[in-house]
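S.K.: So that we are looking at the same thing, I have put the structure below in structure tokens.
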Amino acid sequence: MRKKIYVFVTLILLIILSSCSRKKIQNDDSLGALSEIVPTVEQKNKETLTVTPTVTPTLTPTTTPTWVFSDLPPFEYGNLVKQDATATYDFYYYEGVNNPDDILSYISSIKEFGFNEDIYINSYELNSEILFGGINQDQYSIGIHLEGTNCCISFGLSIYE
């Protein structure tokens with residue numbers, strides 16, 4: 001049995017060797033031209049471009065969250081007398097805010113909307129002022145400033161400050 005396997009393997013090797021010896025490169029000289037031995041740079045560039053194209057991942061742009069002041073709890077204290085805006089902030093000016101507890105409850109509702117406290121000063125008894133500044137995970141900030149009976153609320157994207 002072994003003898004048959006050796007004979008079979010030997011025949012296959014002979015067939016392979018004979019097919020290899022038939023393929024002769026026709027050269028101008030006995031060693032062959034250099035261009036046939038070493039591929040040119042252009043050939044290598046073509047090979048690398050055509051052999052395996054690489055897939056470039058397409059990055060989808062992240063969408064910036066679009067908060068507006070109306071997405072927050074409504075401010076129903078006092079009278080809106082002026083509205084102003086810059087490139088990144090909106091300002092709302094109210095007059096006639098008579099109860100500072102309303103502002104404190106509004107600040108609590110803002111915190112429930114995910115705005116973390118950055119600044120909080122409640123010195124209403126001393127100089128009739130409440131100041132709150134908060135920021136949320138989307139980098140939006142809100143500022144509430146009550147001075148006397150006038151309240152200013154600023155809201156905008158804080159990364160552009």
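Ordered as shown in the structure tokens, chains take letters A, B, and onward, while each chain numbers its residues from 1 and ligands are numbered from 1 in the order shown.
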Could you list, as a ChimeraX atom specification, every residue within 6 Å of stretch 140-143 of chain A, counting only C-alpha atoms and ignoring same-chain residues fewer than 4 positions away?
M.R.: /A:132-136,153-158
S.K.: What does the distance between atom CA of A:Thr88 and atom CA of A:Pro100 come to in Å, to one decimal place?
M.R.: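 Result for atom CA of A:Thr88 versus atom CA of A:Pro100: 27.9 Å, one decimal.
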S.K.: Tell me, as a PyMOL selection string, which residues lie within 10 Å of A:Asp84, counting only C-alpha atoms; anything in the same chain fewer than 6 positions away does not count.
M.R.: chain A and resi 90-93+154
S.K.: May I ask for the distance between atom CA of A:Asn122 and atom CA of A:Gly148, given in Å to one decimal place?
M.R.: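 Between atom CA of A:Asn122 and atom CA of A:Gly148 the gap works out to 12.3 Å.
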S.K.: With distances taken over only C-alpha atoms, which residue among A:Ser123, A:Asn79, A:Thr66, A:Asn99 lies nearest A:Asp138?
M.R.: A:Thr66
S.K.: What is the distance, in Å and to one decimal place, between atom CA of A:Leu72 and atom CA of A:Asn127?
M.R.: 28.0 Å
